[in-house]
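Undergrad: I am sharing start_22.cif, which consists of mmCIF, C-alpha atoms and all ligand atoms:
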```
data_work
#
loop_
_atom_site.label_atom_id
_atom_site.label_comp_id
_atom_site.auth_asym_id
_atom_site.auth_seq_id
_atom_site.Cartn_x
_atom_site.Cartn_y
_atom_site.Cartn_z
CA MET A 399 -11.20 1.08 15.94
CA LYS A 400 -13.08 -1.98 14.86
CA ILE A 401 -12.49 -4.39 12.02
CA ARG A 402 -15.43 -6.62 11.17
CA VAL A 403 -14.69 -9.63 8.99
CA LEU A 404 -17.57 -9.76 6.51
CA GLY A 405 -16.12 -12.52 4.35
CA SER A 406 -13.15 -14.69 5.28
CA ALA A 407 -12.95 -16.98 2.22
CA ALA A 408 -11.00 -16.50 -1.01
CA GLY A 409 -12.64 -16.25 -4.44
CA GLY A 410 -15.30 -18.96 -4.79
CA GLY A 411 -16.21 -18.93 -1.09
CA PHE A 412 -16.61 -22.01 1.08
CA PRO A 413 -18.16 -24.30 0.05
CA GLN A 414 -17.63 -23.41 -3.61
CA TRP A 415 -20.68 -24.21 -5.78
CA ASN A 416 -18.91 -26.60 -8.18
CA CYS A 417 -16.18 -27.97 -5.92
CA ASN A 418 -15.92 -31.49 -4.56
CA CYS A 419 -12.61 -31.20 -2.77
CA PRO A 420 -12.58 -32.96 0.65
CA ASN A 421 -13.56 -29.71 2.40
CA CYS A 422 -16.47 -28.72 0.14
CA LYS A 423 -17.73 -32.30 -0.02
CA GLY A 424 -17.33 -32.77 3.73
CA TYR A 425 -19.20 -29.55 4.43
CA ARG A 426 -22.15 -30.66 2.28
CA ALA A 427 -22.17 -34.14 3.82
CA GLY A 428 -22.10 -32.66 7.32
CA THR A 429 -19.08 -34.80 8.18
CA LEU A 430 -16.64 -31.95 8.72
CA GLN A 431 -16.30 -29.74 11.78
CA THR A 432 -16.15 -26.40 10.01
CA ARG A 433 -18.26 -23.41 9.00
CA ALA A 434 -19.24 -21.84 5.70
CA ARG A 435 -17.49 -18.65 4.70
CA THR A 436 -18.31 -15.90 2.20
CA GLN A 437 -15.88 -14.16 -0.14
CA SER A 438 -13.22 -11.71 0.94
CA SER A 439 -14.21 -8.43 2.59
CA ILE A 440 -13.79 -6.49 5.83
CA ALA A 441 -15.42 -3.37 7.27
CA VAL A 442 -13.44 -0.77 9.23
CA GLY A 443 -14.80 1.93 11.51
CA THR A 444 -14.53 3.74 14.82
CA GLY A 445 -18.19 4.59 15.31
CA SER A 446 -21.29 4.56 13.17
CA SER A 447 -19.53 4.99 9.79
CA TRP A 448 -17.67 2.13 8.19
CA ALA A 449 -15.40 1.71 5.18
CA LEU A 450 -16.09 -1.39 3.14
CA VAL A 451 -12.69 -2.80 2.22
CA ASN A 452 -13.28 -4.89 -0.89
CA ALA A 453 -16.74 -5.34 -2.40
CA SER A 454 -17.37 -9.08 -2.39
CA PRO A 455 -19.82 -10.88 -4.69
CA ASP A 456 -21.47 -11.85 -1.37
CA VAL A 457 -21.88 -8.28 -0.07
CA LEU A 458 -25.68 -8.41 0.13
CA ALA A 459 -25.64 -11.54 2.29
CA GLN A 460 -22.84 -10.01 4.36
CA LEU A 461 -24.87 -6.85 5.03
CA GLN A 462 -27.85 -8.99 6.03
CA SER A 463 -25.67 -10.90 8.48
CA ASN A 464 -24.45 -7.63 10.02
CA PRO A 465 -27.69 -5.74 10.75
CA ASP A 466 -25.94 -2.90 12.59
CA LEU A 467 -24.55 -1.82 9.21
CA GLN A 468 -28.15 -0.77 8.41
CA PRO A 469 -28.90 1.95 10.99
CA GLY A 470 -32.20 2.94 9.32
CA ARG A 471 -31.86 6.71 9.71
CA ALA A 472 -33.50 7.53 6.37
CA ILE A 473 -35.61 5.90 3.70
CA ARG A 474 -32.37 4.88 1.93
CA ASP A 475 -29.40 4.49 4.26
CA SER A 476 -26.27 2.50 5.11
CA ALA A 477 -23.51 2.67 7.70
CA ILE A 478 -21.05 1.97 4.84
CA THR A 479 -19.86 5.41 3.76
CA ALA A 480 -16.83 4.62 1.57
CA ILE A 481 -15.26 1.73 -0.34
CA VAL A 482 -11.55 0.83 -0.45
CA LEU A 483 -10.08 -1.74 -2.84
CA VAL A 484 -6.81 -3.64 -2.39
CA ASP A 485 -6.87 -4.89 -6.00
CA GLY A 486 -9.23 -5.20 -8.96
CA GLN A 487 -9.92 -8.93 -8.66
CA VAL A 488 -13.38 -10.41 -9.22
CA ASP A 489 -13.78 -11.46 -5.58
CA HIS A 490 -13.03 -7.90 -4.39
CA THR A 491 -15.04 -5.88 -6.92
CA THR A 492 -18.15 -7.76 -8.08
CA GLY A 493 -20.08 -6.44 -5.07
CA LEU A 494 -19.89 -2.97 -6.62
CA TYR A 495 -22.72 -4.03 -8.95
CA MET A 496 -24.85 -4.97 -5.95
CA LEU A 497 -24.31 -1.55 -4.35
CA ARG A 498 -25.59 0.41 -7.36
CA GLU A 499 -28.70 1.72 -5.53
CA SER A 500 -26.63 4.08 -3.38
CA VAL A 501 -28.24 7.53 -3.18
CA ARG A 502 -24.88 9.18 -3.73
CA PRO A 503 -21.78 8.35 -5.76
CA TRP A 504 -19.59 5.97 -3.78
CA PRO A 505 -16.36 7.46 -2.49
CA LEU A 506 -14.13 4.76 -3.98
CA TRP A 507 -10.49 4.55 -2.95
CA CYS A 508 -8.15 2.61 -5.25
CA THR A 509 -4.82 2.89 -7.03
CA ASP A 510 -4.44 4.05 -10.63
CA SER A 511 -3.76 0.51 -11.87
CA THR A 512 -6.86 -0.91 -10.16
CA PHE A 513 -8.90 2.01 -11.54
CA ALA A 514 -7.57 1.22 -15.02
CA ASP A 515 -8.56 -2.45 -14.70
CA LEU A 516 -12.05 -1.49 -13.52
CA THR A 517 -12.61 0.84 -16.44
CA ARG A 518 -11.03 -1.38 -19.15
CA GLY A 519 -10.59 -5.14 -18.70
CA ASN A 520 -13.54 -5.30 -16.27
CA PRO A 521 -15.40 -2.01 -16.81
CA VAL A 522 -17.62 -2.23 -13.72
CA LEU A 523 -17.08 1.45 -12.95
CA GLY A 524 -18.36 2.36 -16.43
CA VAL A 525 -21.49 0.30 -15.77
CA LEU A 526 -21.91 1.91 -12.33
CA SER A 527 -21.87 5.37 -13.92
CA PHE A 528 -25.39 4.54 -15.20
CA PHE A 529 -26.48 4.07 -11.58
CA CYS A 530 -24.97 5.80 -8.53
CA GLY A 531 -21.52 6.34 -10.02
CA VAL A 532 -18.32 6.67 -8.04
CA ASP A 533 -16.42 9.56 -6.57
CA ARG A 534 -13.00 8.13 -7.24
CA ARG A 535 -10.17 8.93 -4.78
CA ARG A 536 -6.63 8.03 -5.62
CA ILE A 537 -4.52 5.78 -3.40
CA ASP A 538 -0.79 6.26 -3.80
CA PRO A 539 0.89 2.93 -3.12
CA ASP A 540 3.80 4.65 -1.39
CA GLY A 541 2.96 4.17 2.28
CA SER A 542 1.98 7.82 2.82
CA ALA A 543 -0.89 8.41 5.22
CA PHE A 544 -4.34 9.21 3.93
CA ALA A 545 -7.68 9.82 5.57
CA ILE A 546 -11.16 8.96 4.40
CA ASP A 547 -13.35 11.88 5.50
CA ALA A 548 -16.48 9.72 5.57
CA VAL A 549 -14.84 7.34 8.08
CA PRO A 550 -13.36 9.48 10.86
CA GLY A 551 -10.77 8.31 13.37
CA VAL A 552 -8.82 6.03 11.02
CA ARG A 553 -5.47 6.65 9.32
CA TRP A 554 -4.62 4.54 6.29
CA HIS A 555 -1.37 3.65 4.52
CA ALA A 556 -1.11 1.55 1.36
CA LEU A 557 1.98 -0.55 0.70
CA PRO A 558 2.58 -2.25 -2.65
CA VAL A 559 2.82 -6.04 -2.29
CA ALA A 560 4.06 -8.76 -4.60
CA SER A 561 1.00 -10.70 -5.77
CA LYS A 562 -1.05 -10.94 -8.99
CA PRO A 563 -3.54 -8.52 -10.52
CA ALA A 564 -6.71 -9.96 -12.08
CA PRO A 565 -6.47 -12.04 -15.28
CA TYR A 566 -7.97 -9.11 -17.27
CA SER A 567 -5.18 -6.77 -16.17
CA PRO A 568 -2.48 -5.99 -18.74
CA ASN A 569 -0.05 -6.43 -15.83
CA ARG A 570 -1.09 -10.02 -15.02
CA GLU A 571 2.28 -11.51 -15.99
CA SER A 572 4.39 -8.51 -14.92
CA PRO A 573 2.76 -6.96 -11.86
CA MET A 574 3.40 -3.29 -11.05
CA PRO A 575 3.42 -1.53 -7.68
CA GLY A 576 -0.22 -0.63 -7.05
CA ASP A 577 -1.76 -3.76 -8.58
CA ASN A 578 -2.03 -5.33 -5.12
CA LEU A 579 -1.94 -3.58 -1.76
CA ALA A 580 -1.42 -4.27 1.88
CA LEU A 581 -3.27 -1.74 4.02
CA VAL A 582 -1.91 -0.46 7.30
CA ILE A 583 -5.08 0.61 9.09
CA GLU A 584 -4.38 2.75 12.13
CA ASP A 585 -6.55 4.04 14.93
CA ALA A 586 -5.79 7.76 14.70
CA GLU A 587 -6.14 8.25 18.45
CA SER A 588 -4.17 5.32 19.86
CA GLY A 589 -1.81 4.81 16.91
CA ARG A 590 -2.42 1.06 17.13
CA SER A 591 -2.61 -0.59 13.73
CA VAL A 592 -3.79 -3.61 11.81
CA VAL A 593 -2.03 -4.84 8.67
CA TYR A 594 -4.55 -6.24 6.19
CA ALA A 595 -3.11 -8.15 3.22
CA PRO A 596 -5.45 -10.81 1.80
CA GLY A 597 -3.21 -11.46 -1.21
CA LEU A 598 0.57 -11.50 -1.09
CA SER A 599 3.20 -13.82 -2.49
CA ALA A 600 6.23 -12.32 -0.73
CA ILE A 601 6.96 -10.09 2.26
CA ASP A 602 9.39 -7.23 1.63
CA ASP A 603 11.21 -5.10 4.23
CA ARG A 604 8.63 -2.37 4.31
CA LEU A 605 5.69 -4.71 4.81
CA TRP A 606 7.65 -6.66 7.41
CA ARG A 607 8.32 -3.48 9.40
CA ALA A 608 4.61 -2.63 9.27
CA MET A 609 3.74 -6.15 10.42
CA GLN A 610 6.22 -5.93 13.30
CA GLY A 611 4.67 -2.64 14.43
CA ALA A 612 1.06 -3.82 14.22
CA ALA A 613 -1.23 -4.92 17.04
CA CYS A 614 -2.81 -7.40 14.65
CA VAL A 615 -1.96 -8.86 11.25
CA LEU A 616 -4.75 -10.11 9.03
CA VAL A 617 -2.84 -11.82 6.25
CA ASP A 618 -3.08 -14.12 3.24
CA GLY A 619 -4.42 -17.50 4.37
CA THR A 620 -5.35 -18.76 0.90
CA PHE A 621 -3.35 -22.00 0.68
CA TRP A 622 -1.64 -24.32 3.14
CA THR A 623 0.77 -25.79 0.56
CA ASP A 624 2.24 -24.34 -2.61
CA ASP A 625 0.99 -27.31 -4.68
CA GLU A 626 -2.42 -27.65 -2.99
CA MET A 627 -4.46 -27.18 -6.18
CA ILE A 628 -2.12 -29.42 -8.21
CA ARG A 629 -2.39 -32.30 -5.70
CA LEU A 630 -6.18 -32.08 -5.74
CA GLY A 631 -6.25 -32.07 -9.55
CA ILE A 632 -7.95 -28.66 -9.60
CA SER A 633 -5.31 -26.57 -11.35
CA ALA A 634 -1.79 -26.76 -12.73
CA LYS A 635 -0.79 -23.64 -10.84
CA ARG A 636 1.11 -23.23 -7.62
CA ALA A 637 -0.04 -20.86 -4.88
CA ARG A 638 2.89 -18.55 -5.57
CA ASP A 639 2.07 -18.55 -9.33
CA ILE A 640 -1.27 -16.92 -8.58
CA GLY A 641 0.07 -14.47 -6.03
CA HIS A 642 -0.40 -16.25 -2.70
CA LEU A 643 2.30 -17.23 -0.19
CA PRO A 644 1.43 -20.66 1.24
CA GLN A 645 1.41 -21.15 5.00
CA SER A 646 3.62 -24.25 5.20
CA GLY A 647 7.14 -24.90 3.96
CA ALA A 648 10.36 -22.92 3.78
CA GLY A 649 9.73 -19.20 3.65
CA GLY A 650 6.00 -19.79 4.14
CA MET A 651 3.64 -17.58 6.12
CA LEU A 652 3.95 -19.59 9.34
CA GLU A 653 7.71 -18.98 9.46
CA TRP A 654 7.10 -15.24 9.15
CA LEU A 655 4.34 -15.18 11.74
CA ALA A 656 6.54 -17.09 14.20
CA ARG A 657 9.00 -14.18 14.13
CA LEU A 658 6.43 -11.58 15.16
CA PRO A 659 6.19 -10.49 18.81
CA ALA A 660 4.12 -12.88 20.96
CA ALA A 661 1.62 -10.09 21.70
CA THR A 662 0.78 -9.55 18.01
CA ARG A 663 -2.58 -11.03 17.10
CA LYS A 664 -2.05 -13.24 14.04
CA ILE A 665 -5.02 -14.07 11.85
CA LEU A 666 -5.21 -15.80 8.47
CA ILE A 667 -7.87 -14.48 6.09
CA HIS A 668 -8.90 -15.01 2.42
CA ILE A 669 -8.92 -18.77 2.91
CA ASN A 670 -9.38 -20.96 -0.11
CA ASN A 671 -11.95 -23.74 0.15
CA THR A 672 -9.21 -26.35 -0.43
CA ASN A 673 -7.17 -25.27 2.62
CA PRO A 674 -7.07 -28.02 5.30
CA ILE A 675 -7.17 -25.40 8.08
CA LEU A 676 -10.91 -25.07 7.38
CA ASN A 677 -11.33 -28.54 8.89
CA GLU A 678 -11.27 -27.68 12.60
CA THR A 679 -10.11 -31.18 13.58
CA SER A 680 -7.23 -31.35 11.05
CA ALA A 681 -3.55 -31.60 11.99
CA GLU A 682 -3.03 -28.27 10.22
CA ALA A 683 -5.67 -26.54 12.37
CA ALA A 684 -3.99 -28.03 15.45
CA GLU A 685 -0.64 -26.70 14.31
CA LEU A 686 -2.09 -23.19 13.97
CA ALA A 687 -3.56 -23.43 17.46
CA ARG A 688 -0.15 -24.47 18.82
CA ARG A 689 1.44 -21.50 17.11
CA GLY A 690 -1.21 -19.04 18.32
CA VAL A 691 -2.40 -18.30 14.79
CA GLU A 692 -6.14 -17.76 14.29
CA VAL A 693 -8.31 -18.52 11.28
CA ALA A 694 -10.70 -15.69 10.36
CA ARG A 695 -14.42 -16.41 10.44
CA ASP A 696 -17.28 -14.40 8.99
CA GLY A 697 -18.64 -12.05 11.64
CA MET A 698 -15.39 -11.94 13.64
CA GLU A 699 -14.73 -8.52 15.14
CA ILE A 700 -11.28 -7.25 15.99
CA ALA A 701 -11.05 -4.28 18.34
CA VAL A 702 -7.79 -2.35 18.25
C1 LIG B 1 -7.29 -14.57 -5.88
O1 LIG B 1 -7.05 -13.85 -4.93
O2 LIG B 1 -6.41 -15.23 -6.45
C2 LIG B 1 -8.74 -14.57 -6.27
O3 LIG B 1 -9.50 -15.03 -5.17
C3 LIG B 1 -9.07 -15.18 -7.55
C4 LIG B 1 -10.55 -15.06 -7.86
O4 LIG B 1 -11.23 -14.12 -7.44
O5 LIG B 1 -11.05 -15.94 -8.56
MN MN B 2 -8.91 -13.14 -4.01
ZN ZN B 3 -13.50 -27.03 -2.50
#
```
Take the structure in the file and give it back as structure tokens.
TA:
Amino acid sequence: MKIRVLGSAAGGGFPQWNCNCPNCKGYRAGTLQTRARTQSSIAVGTGSSWALVNASPDVLAQLQSNPDLQPGRAIRDSAITAIVLVDGQVDHTTGLYMLRESVRPWPLWCTDSTFADLTRGNPVLGVLSFFCGVDRRRIDPDGSAFAIDAVPGVRWHALPVASKPAPYSPNRESPMPGDNLALVIEDAESGRSVVYAPGLSAIDDRLWRAMQGAACVLVDGTFWTDDEMIRLGISAKRARDIGHLPQSGAGGMLEWLARLPAATRKILIHINNTNPILNETSAEAAELARRGVEVARDGMEIAV
């Protein structure tokens, strides 16, 4: 099974168009050792068919950067044969508009609460019904195994995670199971798995067990510190307030990752443009290297 990182940044991407934080500014000035990153998405497959997990606003650029996802077998074609959503946030769903030329309705896997958000607060699926439409498949956020027929060889499990649904969700201030998911993505033949959780503010027993059993964890790398946006004068909100567990500090992601087996591949993904780990010569990047924690990059491929 292969996981291709199409976009490794959080909402806004890196650099973000209107941001002058040290990272975005340094990128533009060419003074920072770093690389640009597009917004959050991965592709999962075992052969020539791939599931697009999250439809980023940058999906068209991502497909252009991954030419093997266009096998050219017919006048209209794509190696992407299904779409899976972990939430209904803007950075994970806006790409659905860009995929409207599909010659068939998109098999679209999401929970009931994400489906509700995408037909009410942000009615993108209603708009899509005027184009290719979707063939909606229900994800139960209960950990039970499901298969996506259009993407053979992969077994999926969805676990509810503590995070935040989109601002247009009626559940924004009181999240419900199913608003945000971690996906356990398993190679059906080998049983080896990857845990993918780009947004989580806490790790419960069930998710922790899945992480301990995984060959690779691809987890929330949004913020280094809880007050990162406050310190930069960008927002009054803490990382945890908007559904993201910071890496540093007590109970932070690095403490969790340190308790995983040494053989587990540990990768941070969904990285906000303010995060100092994007600066490859920063003390924070050095600390990750010391701990054996990787920072996802666009185009990275993980074979499991
Ligand atoms: C989030 O995960 O908090 C999002 O990236 C927010 C957004 O899309 O603006
Ligand atoms: Mn996001
Ligand atoms: Zn920035």
Undergrad: The residues within 7 Å of (-21.9, -3.5, 4.0), using all atoms listed in the file and the coordinates of the file, should be reported as a VMD selection string; which are they?
TA: chain A and resid 450 457 460 to 461 467 478
Undergrad: Which distance in Å separates CA of His668 in chain A and CA of Ser542 in chain A, to one decimal?
TA: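 Separation between CA of His668 in chain A and CA of Ser542 in chain A: 25.3 Å.
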Undergrad: Can you tell me which residues surround Phe412 in chain A at a distance of at most 9 Å, considering only C-alpha atoms, apart from same-chain residues fewer than 2 positions away, and format the answer as a list of chain:residue names?
TA: A:Ala407, A:Ala408, A:Gly409, A:Gly410, A:Gln414, A:Trp415, A:Asn421, A:Cys422, A:Tyr425, A:Arg433, A:Ala434, A:Arg435, A:Thr436, A:Gln437, A:Ile669, A:Asn670, A:Asn671, A:Thr672
Undergrad: Using all atoms listed in the file, which residues of chain A come within 6 Å of ligand LIG 1 (chain B), and what is the closest atom pair for each, with the distance in Å to one decimal? Give it as a tab-separated table, sorted by chain and residue number.
TA:
```
residue	atom	partner	partner_atom	distance
A:Ala408	CA	B:LIG1	O3	4.7
A:Gly409	CA	B:LIG1	O3	3.4
A:Gln487	CA	B:LIG1	O4	5.5
A:Val488	CA	B:LIG1	O4	4.6
A:Asp489	CA	B:LIG1	O4	4.1
A:Gly597	CA	B:LIG1	O1	5.9
A:Ile640	CA	B:LIG1	O2	5.8
```
Undergrad: Include C-alpha atoms and write out the residues we just selected as a compact mmCIF listing (two decimals), in the frame of the given file.
TA:
```txt
# COMPACT_ATOMS: atom_id res chain seq x y z
CA ALA A 408 -11.00 -16.50 -1.01
CA GLY A 409 -12.64 -16.25 -4.44
CA GLN A 487 -9.92 -8.93 -8.66
CA VAL A 488 -13.38 -10.41 -9.22
CA ASP A 489 -13.78 -11.46 -5.58
CA GLY A 597 -3.21 -11.46 -1.21
CA ILE A 640 -1.27 -16.92 -8.58
```
Undergrad: From the list A:Ile481, A:Ala564, A:Ala637, A:Val615, which residue is nearest Val693 in chain A when using all atoms listed in the file?
TA: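 Checking each of A:Ile481, A:Ala564, A:Ala637, A:Val615 against Val693 in chain A, counting all atoms listed in the file, the winner is A:Val615.
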Undergrad: CA of Ser454 in chain A and CA of Ser439 in chain A, how far apart in Å?
TA: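 Computing it gives 5.9 Å between the two atoms.
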Undergrad: Taking (-12.5, -34.1, -4.1) in the coordinates of the supplied file, I want to know which residues reach to within 10 Å of it, counting all atoms listed in the file; could you give the answer as a short mmCIF file (atom, residue, chain, number, x, y, z; two decimals) with C-alpha atoms, in the coordinates of the input?
TA:
```cif
data_model
loop_
_atom_site.label_atom_id
_atom_site.label_comp_id
_atom_site.auth_asym_id
_atom_site.auth_seq_id
_atom_site.Cartn_x
_atom_site.Cartn_y
_atom_site.Cartn_z
CA CYS A 417 -16.18 -27.97 -5.92
CA ASN A 418 -15.92 -31.49 -4.56
CA CYS A 419 -12.61 -31.20 -2.77
CA PRO A 420 -12.58 -32.96 0.65
CA ASN A 421 -13.56 -29.71 2.40
CA CYS A 422 -16.47 -28.72 0.14
CA LYS A 423 -17.73 -32.30 -0.02
CA GLY A 424 -17.33 -32.77 3.73
CA LEU A 630 -6.18 -32.08 -5.74
CA GLY A 631 -6.25 -32.07 -9.55
CA ILE A 632 -7.95 -28.66 -9.60
CA THR A 672 -9.21 -26.35 -0.43
#
```
Undergrad: Range 497-507 of chain A: which residues within 8 Å, counting only C-alpha atoms, same-chain residues fewer than 3 positions away excluded, as a list in words?
TA: Arg474, Thr479, Ala480, Ile481, Val482, Leu483, Gly493, Leu494, Leu526, Phe529, Cys530, Gly531, Val532, Asp533, Arg534, Arg535, Arg536 and Ile537 of chain A
Undergrad: Just checking: using only C-alpha atoms, which residue out of A:Val593, A:Met399, A:Ile667, A:Met627 ends up closest to Pro550 in chain A?
TA: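 The closest residue to Pro550 in chain A is A:Met399.
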Undergrad: Measuring atom to atom with only C-alpha atoms, identify which of A:Gly443, A:Pro573, A:Pro674, A:Gly697 is nearest to Trp622 in chain A.
TA: A:Pro674
Undergrad: Can you build me a table of range 478-527 of chain A residues sitting at most 9 Å from range 576-589 of chain A, with the closest atom pair per residue and its distance in Å to one decimal, using only C-alpha atoms, sorted by chain and residue number, as a Markdown table?
TA:
```
| residue | atom | partner | partner_atom | distance |
| --- | --- | --- | --- | --- |
| A:Leu483 | CA | A:Leu579 | CA | 8.4 |
| A:Val484 | CA | A:Leu579 | CA | 4.9 |
| A:Asp485 | CA | A:Asn578 | CA | 4.9 |
| A:Gly486 | CA | A:Asp577 | CA | 7.6 |
| A:Cys508 | CA | A:Gly576 | CA | 8.8 |
| A:Thr509 | CA | A:Gly576 | CA | 5.8 |
| A:Asp510 | CA | A:Gly576 | CA | 7.2 |
| A:Ser511 | CA | A:Asp577 | CA | 5.7 |
| A:Thr512 | CA | A:Asp577 | CA | 6.1 |
```
Undergrad: Around range 515-533 of chain A, fit a box with edges along x, y and z, padding it by 4 Å on each side, then list its centre and edge lengths in Å to one decimal as AutoDock Vina command-line options.
TA:
```
--center_x -17.5 --center_y 2.1 --center_z -12.9 --size_x 25.9 --size_y 22.9 --size_z 20.6
```
Undergrad: Restricting the calculation to all atoms listed in the file: of A:Arg688, A:His490, A:Arg604, A:Arg518, which residue gets closest to ligand MN 2 (chain B)?
TA: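 Among the listed residues, the smallest separation from ligand MN 2 (chain B) belongs to A:His490.
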Undergrad: Would you save range 572-587 of chain A from the block above with N, CA, C and O atoms, as an mmCIF file, in the first residue's frame?
TA:
```
data_model
loop_
_atom_site.group_PDB
_atom_site.id
_atom_site.type_symbol
_atom_site.label_atom_id
_atom_site.label_comp_id
_atom_site.auth_asym_id
_atom_site.auth_seq_id
_atom_site.Cartn_x
_atom_site.Cartn_y
_atom_site.Cartn_z
ATOM 1 N N SER A 572 -19.706 22.390 20.297
ATOM 2 C CA SER A 572 -19.918 21.143 21.054
ATOM 3 C C SER A 572 -19.798 19.967 20.094
ATOM 4 O O SER A 572 -20.792 19.372 19.685
ATOM 5 N N PRO A 573 -18.538 19.673 19.714
ATOM 6 C CA PRO A 573 -18.298 18.626 18.713
ATOM 7 C C PRO A 573 -18.918 17.283 19.088
ATOM 8 O O PRO A 573 -19.035 16.939 20.273
ATOM 9 N N MET A 574 -19.317 16.546 18.054
ATOM 10 C CA MET A 574 -19.939 15.228 18.201
ATOM 11 C C MET A 574 -19.030 14.186 17.552
ATOM 12 O O MET A 574 -18.326 14.516 16.588
ATOM 13 N N PRO A 575 -19.108 12.933 18.032
ATOM 14 C CA PRO A 575 -18.341 11.884 17.346
ATOM 15 C C PRO A 575 -18.750 11.842 15.871
ATOM 16 O O PRO A 575 -19.945 11.821 15.564
ATOM 17 N N GLY A 576 -17.777 11.889 14.993
ATOM 18 C CA GLY A 576 -18.076 11.895 13.549
ATOM 19 C C GLY A 576 -17.778 13.229 12.906
ATOM 20 O O GLY A 576 -17.668 13.328 11.687
ATOM 21 N N ASP A 577 -17.628 14.290 13.712
ATOM 22 C CA ASP A 577 -17.256 15.591 13.139
ATOM 23 C C ASP A 577 -15.824 15.571 12.620
ATOM 24 O O ASP A 577 -15.503 16.235 11.634
ATOM 25 N N ASN A 578 -14.962 14.851 13.311
ATOM 26 C CA ASN A 578 -13.552 14.760 12.925
ATOM 27 C C ASN A 578 -13.106 13.313 13.093
ATOM 28 O O ASN A 578 -13.406 12.691 14.110
ATOM 29 N N LEU A 579 -12.374 12.817 12.110
ATOM 30 C CA LEU A 579 -11.962 11.413 12.138
ATOM 31 C C LEU A 579 -10.452 11.254 12.111
ATOM 32 O O LEU A 579 -9.742 12.064 11.512
ATOM 33 N N ALA A 580 -10.019 10.155 12.731
ATOM 34 C CA ALA A 580 -8.707 9.587 12.418
ATOM 35 C C ALA A 580 -9.010 8.373 11.555
ATOM 36 O O ALA A 580 -9.986 7.661 11.810
ATOM 37 N N LEU A 581 -8.207 8.141 10.542
ATOM 38 C CA LEU A 581 -8.391 6.955 9.704
ATOM 39 C C LEU A 581 -7.267 5.965 9.975
ATOM 40 O O LEU A 581 -6.086 6.352 9.986
ATOM 41 N N VAL A 582 -7.658 4.714 10.212
ATOM 42 C CA VAL A 582 -6.678 3.639 10.265
ATOM 43 C C VAL A 582 -6.745 2.984 8.892
ATOM 44 O O VAL A 582 -7.789 2.445 8.512
ATOM 45 N N ILE A 583 -5.663 3.104 8.140
ATOM 46 C CA ILE A 583 -5.645 2.680 6.741
ATOM 47 C C ILE A 583 -4.713 1.475 6.665
ATOM 48 O O ILE A 583 -3.521 1.584 6.959
ATOM 49 N N GLU A 584 -5.298 0.329 6.294
ATOM 50 C CA GLU A 584 -4.590 -0.935 6.462
ATOM 51 C C GLU A 584 -4.393 -1.632 5.125
ATOM 52 O O GLU A 584 -5.338 -1.714 4.319
ATOM 53 N N ASP A 585 -3.219 -2.116 4.887
ATOM 54 C CA ASP A 585 -2.978 -2.952 3.715
ATOM 55 C C ASP A 585 -3.667 -4.286 3.978
ATOM 56 O O ASP A 585 -3.321 -4.990 4.932
ATOM 57 N N ALA A 586 -4.648 -4.626 3.137
ATOM 58 C CA ALA A 586 -5.481 -5.796 3.419
ATOM 59 C C ALA A 586 -4.664 -7.081 3.405
ATOM 60 O O ALA A 586 -4.999 -8.039 4.095
ATOM 61 N N GLU A 587 -3.583 -7.102 2.634
ATOM 62 C CA GLU A 587 -2.781 -8.318 2.529
ATOM 63 C C GLU A 587 -1.831 -8.468 3.718
ATOM 64 O O GLU A 587 -1.810 -9.499 4.379
#
```
